[in-house]
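**Q** One structure, pasted below without further comment.
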Amino acid sequence: MRVPLGWLHEYLDFDLGVEELVDLFSLRSQEIDGVYRLGVREGEVVVGEVVDFGPHPNADRLFVAKVDLGGREVQIVAGAPNPYPGARVPVVLPGSVMDDGSKLKKAKLRGLESYGMMMSERELGVSADHGGILLLDESYEVGRPIADYFPVGETVIDVDITPNRPDLWGMIGVARELAAILKTDYRIPETSLETGGEPTTAYGLRVEAEDLCPRYDLRRVSNLAPGRRAPLWMRRRIHAAGMRPINAVVDATNYVMLETGQPIHAFDSAKVRDGIVVRRARPNESIKLLDGSTRTLDEEVLVIADEERGLVIAGVMGAEEAEVGEETEDALIEVATFEGRNILGTSQRLGLRTDASGRFERGLDPNMVDFALGRVVGLLTQQPGGLAADDVLSHYPEPVGPWRVPLRLERAELLLGMPVSADEAAGRLQALGCEVRREDGRLEATVPTFRRDLRREADLIEEVGRLVGLDKVPEALPAVSQPGGLTEEQRRARLLRRLLASLGLAEAITYPFGPDRWIESLDPDGDGGPEATVRVKNPLSAEGRNLRTSLLPGLLDAAARNRAFGAEGGGLFELGHVFAADAPPEDLLDAALRFRLAGELDGEEETRLLGVREETRIGVVLAGTVRPAGWNVPAVRAGFFEAKGLVERLVPGATFVRHARPFLHPGRSAAVRAGGKEVGWVGELHPEVVERFELGGWPVAAFELDPLSCQPDPEPRFVPFVNVPAVDRDLAVLVEEQVPVGDMLSSIERLRSPLLVEARVFDVYAGSQVPEGEKSVAFGFTFQGERTLTDEEVGEEVGRIAVRLEEEFGARVRG
């Protein structure tokens with residue numbers, strides 16, 4: 001919400017600097033996203049009258065004007081051709097500071113001096129129009145400052161309004177909020193209008209979709225003067241608030257929307273056939289909108305129509321069929337309240353986000369309709385000179401009234417951590433528009449209908465706290481020791497994060513939502529199936545249609561973005577949740593719905609019972625050059641064994657079993673097992689998958705594990721040095737080709753030789769020099785004892801190892 005401060009001053013008086021106002025409003029209410037300035041910051045702008053106007057003698061596209069500033073004639077070089085002798089124009093004088101901070105000086109343009117500048121609407125902050133000089137009417141007195149008619153500069157603050165505060169989507173709501181903070185009064189403009197126009201009852205009103213339209217009011221304004229623009233002060237405020245001035249009728253509706261937060265629509269009465277019908281769209285009904293697009297609607301879309309065709313997608317955008325224009329002489333003004341969730345769904349399905357839909361979807365106050373309708377009709381009768389109908393067509397079958405919420409002062413003090421007096425609490429709530437009654441040592445607030453977010457005692461306490469100022473809560477430690485500490489899961493998560501970071505990886509935090517291309521890229525054959533994926537009913541964008549089933553695609557997208565910014569590779573990890581569809585039995589589903597209604601489910605329980613399995617995973621992606629070369633170490637490139645080494649660090653005693661997955665290289669992937677069960681996977685990515693994620697040309701390896709299986713030793717262990725020579729021996733054996741080498745190493749370790757310090761594989765060979773169906777595996781052993789070992793002692797240990805391999809795997813020692 002862009003709030004012009006000059007406009008805000010119309011509703012309340014305050015004497016705060018811009019920085020002071022930004023700090024105060026951010027602390028007590030809503031965050032301020034930015035501050036903008038329009039028009040002339042400092043200096044003087046006066047009304048000038050063009051005495052003479054003609055082409056520049058030394059330039060084809062410049063013009064020279066003699067301008068009377070009220071007893072003083074100056075020469076101004078201009079680029080716009082529209083001034084003429086006798087025209088009155090705004091002139092900014094040298095020394096003035098413009099909105100971009102530049103200072104206007106006397107200039108010499110193509111040999112002619114120029115004193116000041118005639119201004120366009122954009123330069124004065126009236127609109128975005130820069131096609132010509134702003135021409136003023138004869139009511140502007142020559143030589144008089146423009147500031148006597150309207151401000152020549154404007155400061156605009158951009159308020160980031162939270163979704164639960166739709167009452168702040170209008171200038172009146174912002175003024176009421178600031179008045180409550182400053183403990184002062186604010187003003188609401190009075191509505192006055194000329195009646196006696198053509199009756200509204202000449203048109204009928206029928207609301208068929210009452211569940212989607214709680215209130216709908218309609219009033220007619222006739223005898224409008226065609227071709228007239230909205231007054232300059234109104235166009236200026238609309239532009240400063242971030243909208244585009246269009247014509248007198250539309251500008252009046254937009255002005256009141258910006259003032260009250262209530263969207264308003266106007267129909268050209270001559271184009272409406274018989275009457276207004278509020279209904280659901282018919283199947284495959286099409287409508288051509290004001291933006292020129294044609295949309296096909298479904299039965300969930302609410303349409304404002306006449307008896308023959310649709311005229312508006314309710315709460316979103318109007319159609320060309322009954323559009324008002326400069327020629328409009330008779331208009332029907334609609335002010336209504338629509339069901340917010342329906343407007344949100346319509347806007348998302350059609351991909352249309354408008355100022356109106358953004359307000360309606362948050363839920364508006366139906367009791368604002370009266371004031372908004374009277375206000376816009378009053379403006380139309382004053383400026384284009386129309387006449388309002390004496391009657392109003394209104395559909396409001398179930399009026400919404402205020403509600404009562406109790407407030408205990410002792411509860412307020414407990415939640416806020418500071419003393420709260422009854423007078424202070426009552427005064428703050430009354431400033432927000434509540435009626436407050438005191439009884440039995442507590443307060444009871446009657447909440448106005450525009451504050452739909454105030455439903456519970458805690459809501460009122462929050463309002464009192466923020467208006468008093470949470471910065472005034474005293475700093476004090478609890479008098480008694482408090483329970484606390486980390487859970488086992490939290491300790492494990494911190495350990496894993498610290499360990500992976502110390503190993504050179506960077507933590508990534510990605511969205512749990514993902515696009516359809518993730519499914520297609522990782523599972524092109526559809527074996528995992530969209531049925532295993534949880535679809536989001538109301539995604540915020542097309543890129544967030546699905547809950548992720550793996551951390552891998554989000555990490556791959558992050559690696560691709562890093563590459564686009566010039567990275568040569570790296571390692572990323574994430575500890576997060578994954579989701580899978582897990583349809584519950586019918587009785588569990590019924591139970592979940594009952595518990596939800598009773599408010600007895602927390603988020604995780606509801607997720608589980610409603611058919612979504614949520615699990616925690618630790619994921620790692622190594623891509624390209626994981627660690628660049630140093631003067632004393634070579635570069636580390638991503639690969640299967642680099643990823644496998646990290647898995648072994650996280651899961652001591654892990655075993656690896658060949659296991660293919662659609663997105664992994666078939667010969668360089670494995671399932672990770674620990675404790676007799678599968679706990680994850682590791683491998684290099686399939687080259688096609690690498691290409692799909694725009695990482696082509698890089699080696700990419702990854703793994704994903706269940707964090708519960710990760711039991712790394714958090715402390716480095718010192719191993720005492722042995723001042724005795726070690727002995728190295730090799731052993732090559734023949735085994736069947738399908739025997740896992742990892743199982744052979746595990747068997748050797750279980751032998752628990754007192755002299756064996758290290759066992760490693762340094763060669764695996766299958767080829768012409770070994771029998772078909774077999775392979776040669778070469779082991780390297782290091783032996784060391786408390787004294788120098790003899791050849792016989794070492795040979796005996798090697799023999800024990802060979803016997804173990806023969807017994808378990810049928811291994812034969814190569815000659």
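Here's how to read the names in the structure tokens: chain A, B, ... by the order shown, residue numbers from 1 in each chain, ligand numbers from 1 in the order shown.
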As a list in words, please: all residues of region 125-228 of chain A that backbone DSSP puts in alpha helix (DSSP H).
**A**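 Answer for region 125-228 of chain A restricted to alpha helix (DSSP H) is Met171, Ile172, Gly173, Val174, Ala175, Arg176, Glu177, Leu178, Ala179, Ala180, Ile181 and Leu182 of chain A.
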**Q** Restricting the output to N, CA, C and O atoms, write the selected residues as an mmCIF file, in the first residue's frame.
**A**
```cif
data_model
loop_
_atom_site.group_PDB
_atom_site.id
_atom_site.type_symbol
_atom_site.label_atom_id
_atom_site.label_comp_id
_atom_site.auth_asym_id
_atom_site.auth_seq_id
_atom_site.Cartn_x
_atom_site.Cartn_y
_atom_site.Cartn_z
ATOM 1 N N MET A 171 -6.555 4.562 2.850
ATOM 2 C CA MET A 171 -5.966 5.688 3.555
ATOM 3 C C MET A 171 -6.647 5.921 4.897
ATOM 4 O O MET A 171 -5.982 6.274 5.878
ATOM 5 N N ILE A 172 -7.958 5.717 4.964
ATOM 6 C CA ILE A 172 -8.665 5.921 6.227
ATOM 7 C C ILE A 172 -8.166 4.925 7.269
ATOM 8 O O ILE A 172 -7.969 5.274 8.447
ATOM 9 N N GLY A 173 -7.949 3.679 6.874
ATOM 10 C CA GLY A 173 -7.448 2.673 7.811
ATOM 11 C C GLY A 173 -6.051 2.997 8.303
ATOM 12 O O GLY A 173 -5.749 2.832 9.494
ATOM 13 N N VAL A 174 -5.184 3.490 7.405
ATOM 14 C CA VAL A 174 -3.830 3.875 7.820
ATOM 15 C C VAL A 174 -3.893 5.062 8.773
ATOM 16 O O VAL A 174 -3.166 5.117 9.773
ATOM 17 N N ALA A 175 -4.780 6.032 8.476
ATOM 18 C CA ALA A 175 -4.926 7.192 9.363
ATOM 19 C C ALA A 175 -5.429 6.763 10.738
ATOM 20 O O ALA A 175 -4.946 7.262 11.771
ATOM 21 N N ARG A 176 -6.401 5.850 10.769
ATOM 22 C CA ARG A 176 -6.920 5.356 12.051
ATOM 23 C C ARG A 176 -5.807 4.655 12.837
ATOM 24 O O ARG A 176 -5.689 4.832 14.061
ATOM 25 N N GLU A 177 -4.991 3.883 12.158
ATOM 26 C CA GLU A 177 -3.890 3.169 12.823
ATOM 27 C C GLU A 177 -2.867 4.146 13.384
ATOM 28 O O GLU A 177 -2.413 4.009 14.525
ATOM 29 N N LEU A 178 -2.473 5.132 12.581
ATOM 30 C CA LEU A 178 -1.483 6.104 13.047
ATOM 31 C C LEU A 178 -2.047 6.942 14.184
ATOM 32 O O LEU A 178 -1.321 7.272 15.144
ATOM 33 N N ALA A 179 -3.337 7.283 14.120
ATOM 34 C CA ALA A 179 -3.958 8.043 15.212
ATOM 35 C C ALA A 179 -3.943 7.247 16.509
ATOM 36 O O ALA A 179 -3.718 7.802 17.600
ATOM 37 N N ALA A 180 -4.169 5.928 16.413
ATOM 38 C CA ALA A 180 -4.134 5.088 17.616
ATOM 39 C C ALA A 180 -2.726 5.035 18.190
ATOM 40 O O ALA A 180 -2.538 5.027 19.414
ATOM 41 N N ILE A 181 -1.722 5.018 17.337
ATOM 42 C CA ILE A 181 -0.338 4.992 17.812
ATOM 43 C C ILE A 181 0.029 6.312 18.491
ATOM 44 O O ILE A 181 0.669 6.338 19.545
ATOM 45 N N LEU A 182 -0.411 7.433 17.869
ATOM 46 C CA LEU A 182 -0.060 8.761 18.382
ATOM 47 C C LEU A 182 -1.013 9.250 19.468
ATOM 48 O O LEU A 182 -0.808 10.342 20.014
#
```
**Q** Quick one: residues within 10 Å of Glu463 (chain A), only C-alpha atoms counted, chain neighbours fewer than 4 positions away excluded, as a list of chain:residue names?
**A**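 Answer for this query is A:Arg28, A:Ser29, A:Ala425, A:Arg428, A:Leu429, A:Leu432, A:Leu454, A:Ala458, A:Asp459, A:Leu467, A:Val468, A:Gly469.
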**Q** Output all heavy atoms for every residue in that selection, as a compact mmCIF listing (two decimals), in the first residue's frame.
**A**
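Saved as again.txt:
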```txt
# COMPACT_ATOMS: atom_id res chain seq x y z
N ARG A 28 5.46 -0.16 15.64
CA ARG A 28 4.15 -0.31 16.28
C ARG A 28 3.10 -0.97 15.40
O ARG A 28 2.05 -1.36 15.90
CB ARG A 28 3.64 1.05 16.73
CG ARG A 28 4.56 1.79 17.67
CD ARG A 28 4.59 1.17 19.07
NE ARG A 28 5.52 1.87 19.94
CZ ARG A 28 5.20 2.95 20.65
NH1 ARG A 28 3.97 3.43 20.59
NH2 ARG A 28 6.10 3.52 21.43
N SER A 29 3.34 -1.06 14.10
CA SER A 29 2.27 -1.59 13.25
C SER A 29 2.82 -2.46 12.12
O SER A 29 2.97 -3.66 12.27
CB SER A 29 1.42 -0.45 12.68
OG SER A 29 0.36 -0.95 11.90
N ALA A 425 -5.26 0.09 28.66
CA ALA A 425 -5.79 -0.92 27.75
C ALA A 425 -7.09 -0.44 27.10
O ALA A 425 -7.28 -0.58 25.88
CB ALA A 425 -6.03 -2.22 28.51
N ARG A 428 -6.40 2.33 24.46
CA ARG A 428 -5.80 1.83 23.23
C ARG A 428 -6.83 1.11 22.37
O ARG A 428 -6.85 1.25 21.14
CB ARG A 428 -4.63 0.90 23.56
CG ARG A 428 -3.47 1.58 24.25
CD ARG A 428 -2.82 2.62 23.36
NE ARG A 428 -1.63 3.20 23.98
CZ ARG A 428 -0.80 4.04 23.36
NH1 ARG A 428 -1.04 4.41 22.12
NH2 ARG A 428 0.25 4.52 24.00
N LEU A 429 -7.68 0.31 22.99
CA LEU A 429 -8.69 -0.43 22.23
C LEU A 429 -9.74 0.52 21.65
O LEU A 429 -10.22 0.32 20.53
CB LEU A 429 -9.34 -1.49 23.11
CG LEU A 429 -8.42 -2.63 23.55
CD1 LEU A 429 -9.15 -3.57 24.51
CD2 LEU A 429 -7.90 -3.42 22.35
N LEU A 432 -8.68 2.07 18.48
CA LEU A 432 -8.78 1.18 17.33
C LEU A 432 -10.21 1.03 16.82
O LEU A 432 -10.45 0.34 15.84
CB LEU A 432 -8.22 -0.20 17.68
CG LEU A 432 -6.72 -0.28 17.97
CD1 LEU A 432 -6.34 -1.67 18.44
CD2 LEU A 432 -5.92 0.10 16.72
N LEU A 454 -9.56 -9.64 15.09
CA LEU A 454 -9.64 -9.60 16.56
C LEU A 454 -10.77 -10.52 17.03
O LEU A 454 -11.93 -10.10 17.12
CB LEU A 454 -9.86 -8.17 17.05
CG LEU A 454 -8.81 -7.15 16.61
CD1 LEU A 454 -9.12 -5.79 17.23
CD2 LEU A 454 -7.40 -7.59 16.98
N ALA A 458 -6.20 -13.12 23.25
CA ALA A 458 -4.80 -12.89 22.91
C ALA A 458 -4.65 -11.85 21.80
O ALA A 458 -3.65 -11.11 21.75
CB ALA A 458 -4.15 -14.21 22.48
N ASP A 459 -5.64 -11.77 20.89
CA ASP A 459 -5.59 -10.77 19.83
C ASP A 459 -5.66 -9.35 20.41
O ASP A 459 -4.93 -8.45 19.98
CB ASP A 459 -6.74 -10.98 18.84
CG ASP A 459 -6.67 -12.33 18.15
OD1 ASP A 459 -5.55 -12.84 17.97
OD2 ASP A 459 -7.74 -12.87 17.80
N LEU A 467 0.67 -1.23 20.58
CA LEU A 467 0.41 0.21 20.63
C LEU A 467 1.12 0.87 21.81
O LEU A 467 1.60 2.01 21.70
CB LEU A 467 -1.10 0.47 20.71
CG LEU A 467 -1.90 0.11 19.44
CD1 LEU A 467 -3.38 0.35 19.66
CD2 LEU A 467 -1.40 0.90 18.24
N VAL A 468 1.17 0.20 22.93
CA VAL A 468 1.96 0.72 24.05
C VAL A 468 3.44 0.73 23.68
O VAL A 468 4.18 1.66 24.02
CB VAL A 468 1.72 -0.13 25.32
CG1 VAL A 468 2.70 0.25 26.42
CG2 VAL A 468 0.29 0.06 25.80
N GLY A 469 3.85 -0.30 22.96
CA GLY A 469 5.25 -0.40 22.53
C GLY A 469 5.94 -1.57 23.16
O GLY A 469 6.20 -1.57 24.38
```
**Q** Just asking: which residues within region 281-398 of chain A are strand (DSSP E or B) according to DSSP, as a VMD selection string?
**A** chain A and resid 286 to 289 294 to 296 302 to 305 310 to 313 317 to 319 331 to 337 387 to 388 393 to 395
**Q** Hey, can you spit out that residue selection with C-alpha atoms as a PDB file, in the first residue's frame?
**A**
```
ATOM      1  CA  SER A 286     -16.019 -16.852 -22.169  1.00  0.00           C
ATOM      2  CA  ILE A 287     -15.549 -13.174 -21.404  1.00  0.00           C
ATOM      3  CA  LYS A 288     -13.330 -10.499 -22.983  1.00  0.00           C
ATOM      4  CA  LEU A 289     -11.646  -8.452 -20.281  1.00  0.00           C
ATOM      5  CA  THR A 294     -10.443 -13.547 -23.492  1.00  0.00           C
ATOM      6  CA  ARG A 295     -10.882 -15.980 -20.608  1.00  0.00           C
ATOM      7  CA  THR A 296     -12.841 -19.232 -20.446  1.00  0.00           C
ATOM      8  CA  LEU A 302     -18.434 -15.620  -9.764  1.00  0.00           C
ATOM      9  CA  VAL A 303     -19.671 -13.387 -12.568  1.00  0.00           C
ATOM     10  CA  ILE A 304     -21.523 -10.055 -12.536  1.00  0.00           C
ATOM     11  CA  ALA A 305     -23.734 -10.158 -15.611  1.00  0.00           C
ATOM     12  CA  GLY A 310     -21.152 -11.576 -18.382  1.00  0.00           C
ATOM     13  CA  LEU A 311     -19.888  -8.088 -17.597  1.00  0.00           C
ATOM     14  CA  VAL A 312     -17.320  -8.637 -14.796  1.00  0.00           C
ATOM     15  CA  ILE A 313     -15.289 -11.444 -13.268  1.00  0.00           C
ATOM     16  CA  MET A 317     -11.548  -7.514 -13.572  1.00  0.00           C
ATOM     17  CA  GLY A 318     -14.307  -6.040 -15.717  1.00  0.00           C
ATOM     18  CA  ALA A 319     -15.165  -6.848 -19.317  1.00  0.00           C
ATOM     19  CA  ALA A 331     -23.347   4.989 -14.876  1.00  0.00           C
ATOM     20  CA  LEU A 332     -24.302   2.213 -12.469  1.00  0.00           C
ATOM     21  CA  ILE A 333     -21.980   2.099  -9.447  1.00  0.00           C
ATOM     22  CA  GLU A 334     -21.403  -1.294  -7.840  1.00  0.00           C
ATOM     23  CA  VAL A 335     -20.027  -1.713  -4.312  1.00  0.00           C
ATOM     24  CA  ALA A 336     -20.051  -5.294  -3.046  1.00  0.00           C
ATOM     25  CA  THR A 337     -18.450  -7.838  -0.771  1.00  0.00           C
ATOM     26  CA  LEU A 387     -27.090  13.523 -10.408  1.00  0.00           C
ATOM     27  CA  ALA A 388     -27.459  10.592  -8.043  1.00  0.00           C
ATOM     28  CA  LEU A 393     -30.642  -1.450  -4.861  1.00  0.00           C
ATOM     29  CA  SER A 394     -29.151  -3.499  -2.035  1.00  0.00           C
ATOM     30  CA  HIS A 395     -28.764  -7.216  -1.315  1.00  0.00           C
TER      31      HIS A 395
END
```
**Q** Do a neighbour search on Glu410 (chain A) at 12 Å with only C-alpha atoms, toss out local chain neighbours closer than 5 positions, and write the hits as number ranges by chain.
**A** A: 415-422, 425, 441-443, 457, 461
**Q** The selected residues should be written to file as a CSV table (one decimal), in the first residue's frame (atoms: C-alpha atoms).
**A**
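Written out: again_31.csv:
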```csv
chain,number,residue,atom,x,y,z
A,415,LEU,CA,1.6,-12.5,28.1
A,416,LEU,CA,3.2,-9.1,27.7
A,417,GLY,CA,5.6,-9.2,30.6
A,418,MET,CA,4.8,-5.7,31.8
A,419,PRO,CA,2.1,-4.0,33.9
A,420,VAL,CA,-1.0,-2.9,32.0
A,421,SER,CA,-3.5,-0.5,33.5
A,422,ALA,CA,-7.2,-0.7,32.8
A,425,ALA,CA,-5.8,-0.9,27.8
A,441,GLY,CA,-12.1,-6.4,37.1
A,442,ARG,CA,-12.0,-7.1,33.4
A,443,LEU,CA,-12.6,-5.4,30.1
A,457,GLU,CA,-8.4,-12.4,24.1
A,461,ILE,CA,-3.6,-8.3,24.2
```
**Q** Between A:Pro226, A:Gly427, A:Gly465, A:Val377, which has the minimum distance to Lys183 (chain A) (counting only C-alpha atoms)?
**A** A:Gly427
**Q** Can you tell me, as a list in words, what residues are no more than 12 Å from Asp791 (chain A) when counting only C-alpha atoms, ignoring any on the same chain fewer than 5 positions away?
**A**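 Contacts, in chain order: Ala726, Val727, Asp728, Arg729, Phe783, Gln784, Glu796, Glu797, Val798 and Gly799 of chain A.
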**Q** Please save N, CA, C and O atoms of the selected residues as a PDB file, in the first residue's frame.
**A**
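Writing done, so here's out21.pdb:
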```pdb
ATOM      1  N   ALA A 726      56.442 -50.513  10.530  1.00  0.00           N
ATOM      2  CA  ALA A 726      55.289 -51.252  10.032  1.00  0.00           C
ATOM      3  C   ALA A 726      55.720 -52.131   8.863  1.00  0.00           C
ATOM      4  O   ALA A 726      56.738 -51.884   8.207  1.00  0.00           O
ATOM      5  N   VAL A 727      54.909 -53.159   8.603  1.00  0.00           N
ATOM      6  CA  VAL A 727      55.199 -54.099   7.526  1.00  0.00           C
ATOM      7  C   VAL A 727      54.009 -54.112   6.572  1.00  0.00           C
ATOM      8  O   VAL A 727      52.865 -54.271   6.993  1.00  0.00           O
ATOM      9  N   ASP A 728      54.281 -53.938   5.275  1.00  0.00           N
ATOM     10  CA  ASP A 728      53.224 -53.959   4.259  1.00  0.00           C
ATOM     11  C   ASP A 728      53.270 -55.280   3.500  1.00  0.00           C
ATOM     12  O   ASP A 728      54.360 -55.777   3.140  1.00  0.00           O
ATOM     13  N   ARG A 729      52.105 -55.847   3.275  1.00  0.00           N
ATOM     14  CA  ARG A 729      51.985 -57.073   2.475  1.00  0.00           C
ATOM     15  C   ARG A 729      50.781 -56.939   1.549  1.00  0.00           C
ATOM     16  O   ARG A 729      49.772 -56.324   1.907  1.00  0.00           O
ATOM     17  N   PHE A 783      50.774 -54.098   8.772  1.00  0.00           N
ATOM     18  CA  PHE A 783      50.824 -54.752  10.082  1.00  0.00           C
ATOM     19  C   PHE A 783      51.803 -53.998  10.968  1.00  0.00           C
ATOM     20  O   PHE A 783      52.846 -53.512  10.509  1.00  0.00           O
ATOM     21  N   GLN A 784      51.498 -53.968  12.252  1.00  0.00           N
ATOM     22  CA  GLN A 784      52.391 -53.288  13.205  1.00  0.00           C
ATOM     23  C   GLN A 784      52.091 -53.807  14.609  1.00  0.00           C
ATOM     24  O   GLN A 784      50.937 -54.031  14.961  1.00  0.00           O
ATOM     25  N   GLU A 796      51.738 -65.509   8.983  1.00  0.00           N
ATOM     26  CA  GLU A 796      50.649 -66.212   9.662  1.00  0.00           C
ATOM     27  C   GLU A 796      49.351 -65.397   9.606  1.00  0.00           C
ATOM     28  O   GLU A 796      48.266 -65.941   9.385  1.00  0.00           O
ATOM     29  N   GLU A 797      49.426 -64.061   9.800  1.00  0.00           N
ATOM     30  CA  GLU A 797      48.239 -63.216   9.751  1.00  0.00           C
ATOM     31  C   GLU A 797      47.648 -63.169   8.348  1.00  0.00           C
ATOM     32  O   GLU A 797      46.435 -63.228   8.162  1.00  0.00           O
ATOM     33  N   VAL A 798      48.519 -63.083   7.336  1.00  0.00           N
ATOM     34  CA  VAL A 798      48.027 -63.074   5.950  1.00  0.00           C
ATOM     35  C   VAL A 798      47.332 -64.399   5.641  1.00  0.00           C
ATOM     36  O   VAL A 798      46.300 -64.453   4.962  1.00  0.00           O
ATOM     37  N   GLY A 799      47.913 -65.510   6.162  1.00  0.00           N
ATOM     38  CA  GLY A 799      47.288 -66.810   5.955  1.00  0.00           C
ATOM     39  C   GLY A 799      45.906 -66.881   6.578  1.00  0.00           C
ATOM     40  O   GLY A 799      44.966 -67.444   5.990  1.00  0.00           O
TER      41      GLY A 799
END
```
**Q** Determine, counting only C-alpha atoms, which protein, DNA and RNA residues have an atom within 6 Å of an atom of region 550-561 of chain A; residues of the same chain fewer than 6 positions away are not included. Present the result as a VMD selection string.
**A** chain A and resid 510 578 619
**Q** Can you tell me how far CA of Phe663 (chain A) sits from CA of Ser521 (chain A), in Å to one decimal?
**A** 8.0 Å
**Q** Using only C-alpha atoms, which of A:Val67, A:Ala241, A:Val89, A:Leu745 sits nearest Tyr115 (chain A)?
**A**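 Going through A:Val67, A:Ala241, A:Val89, A:Leu745 one by one, the smallest distance to Tyr115 (chain A) is for A:Val67.
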**Q** Interatomic distance between CA of Ala532 (chain A) and CA of Val679 (chain A)?
**A**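 A separation of 19.2 Å between them.
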**Q** Would you mind listing what lies within 10 Å of Ile161 (chain A) as number ranges by chain, with only C-alpha atoms counted and same-chain residues fewer than 6 positions away left out?
**A** A: 1, 29-33, 167-169
**Q** Please identify all polymer residues within 9 Å of region 686-702 of chain A, counting only C-alpha atoms, omitting same-chain residues fewer than 5 positions from it, and present them as a PyMOL selection string.
**A** chain A and resi 521-522+552-553+556-557+559-560+563+568-569+619-625+637-644+662-666+681
**Q** Next, write the just-selected residues to a file, as a PDB file, in the first residue's frame, keeping C-alpha atoms as the atom set.
**A**
```pdb
ATOM      1  CA  SER A 521      13.604 -34.948 -14.890  1.00  0.00           C
ATOM      2  CA  LEU A 522      14.275 -37.444 -12.098  1.00  0.00           C
ATOM      3  CA  LEU A 552      17.936 -33.761  -4.646  1.00  0.00           C
ATOM      4  CA  PRO A 553      16.139 -31.564  -7.245  1.00  0.00           C
ATOM      5  CA  LEU A 556      20.523 -29.440  -8.182  1.00  0.00           C
ATOM      6  CA  ASP A 557      18.634 -26.241  -9.015  1.00  0.00           C
ATOM      7  CA  ALA A 559      23.945 -25.787  -7.999  1.00  0.00           C
ATOM      8  CA  ALA A 560      22.719 -24.720 -11.456  1.00  0.00           C
ATOM      9  CA  ARG A 563      26.980 -22.176 -12.006  1.00  0.00           C
ATOM     10  CA  GLU A 568      33.079 -23.843 -11.005  1.00  0.00           C
ATOM     11  CA  GLY A 569      31.442 -26.340  -8.686  1.00  0.00           C
ATOM     12  CA  GLY A 619      20.891 -34.606   1.247  1.00  0.00           C
ATOM     13  CA  VAL A 620      24.242 -33.743  -0.343  1.00  0.00           C
ATOM     14  CA  VAL A 621      25.160 -32.760  -3.905  1.00  0.00           C
ATOM     15  CA  LEU A 622      28.768 -32.591  -5.139  1.00  0.00           C
ATOM     16  CA  ALA A 623      29.127 -30.894  -8.520  1.00  0.00           C
ATOM     17  CA  GLY A 624      32.098 -29.969 -10.675  1.00  0.00           C
ATOM     18  CA  THR A 625      35.199 -28.965  -8.743  1.00  0.00           C
ATOM     19  CA  ARG A 637      36.287 -33.351  -8.437  1.00  0.00           C
ATOM     20  CA  ALA A 638      32.849 -34.754  -7.728  1.00  0.00           C
ATOM     21  CA  GLY A 639      32.509 -38.511  -8.078  1.00  0.00           C
ATOM     22  CA  PHE A 640      31.006 -41.644  -6.605  1.00  0.00           C
ATOM     23  CA  PHE A 641      33.839 -42.351  -4.199  1.00  0.00           C
ATOM     24  CA  GLU A 642      33.933 -38.756  -2.928  1.00  0.00           C
ATOM     25  CA  ALA A 643      30.235 -39.020  -2.071  1.00  0.00           C
ATOM     26  CA  LYS A 644      30.700 -42.516  -0.650  1.00  0.00           C
ATOM     27  CA  PRO A 662      16.248 -43.905 -12.602  1.00  0.00           C
ATOM     28  CA  PHE A 663      18.217 -40.723 -11.931  1.00  0.00           C
ATOM     29  CA  LEU A 664      21.554 -42.394 -11.025  1.00  0.00           C
ATOM     30  CA  HIS A 665      24.315 -43.805 -13.200  1.00  0.00           C
ATOM     31  CA  PRO A 666      23.552 -47.552 -13.456  1.00  0.00           C
ATOM     32  CA  TRP A 681      21.279 -44.073  -1.488  1.00  0.00           C
TER      33      TRP A 681
END
```
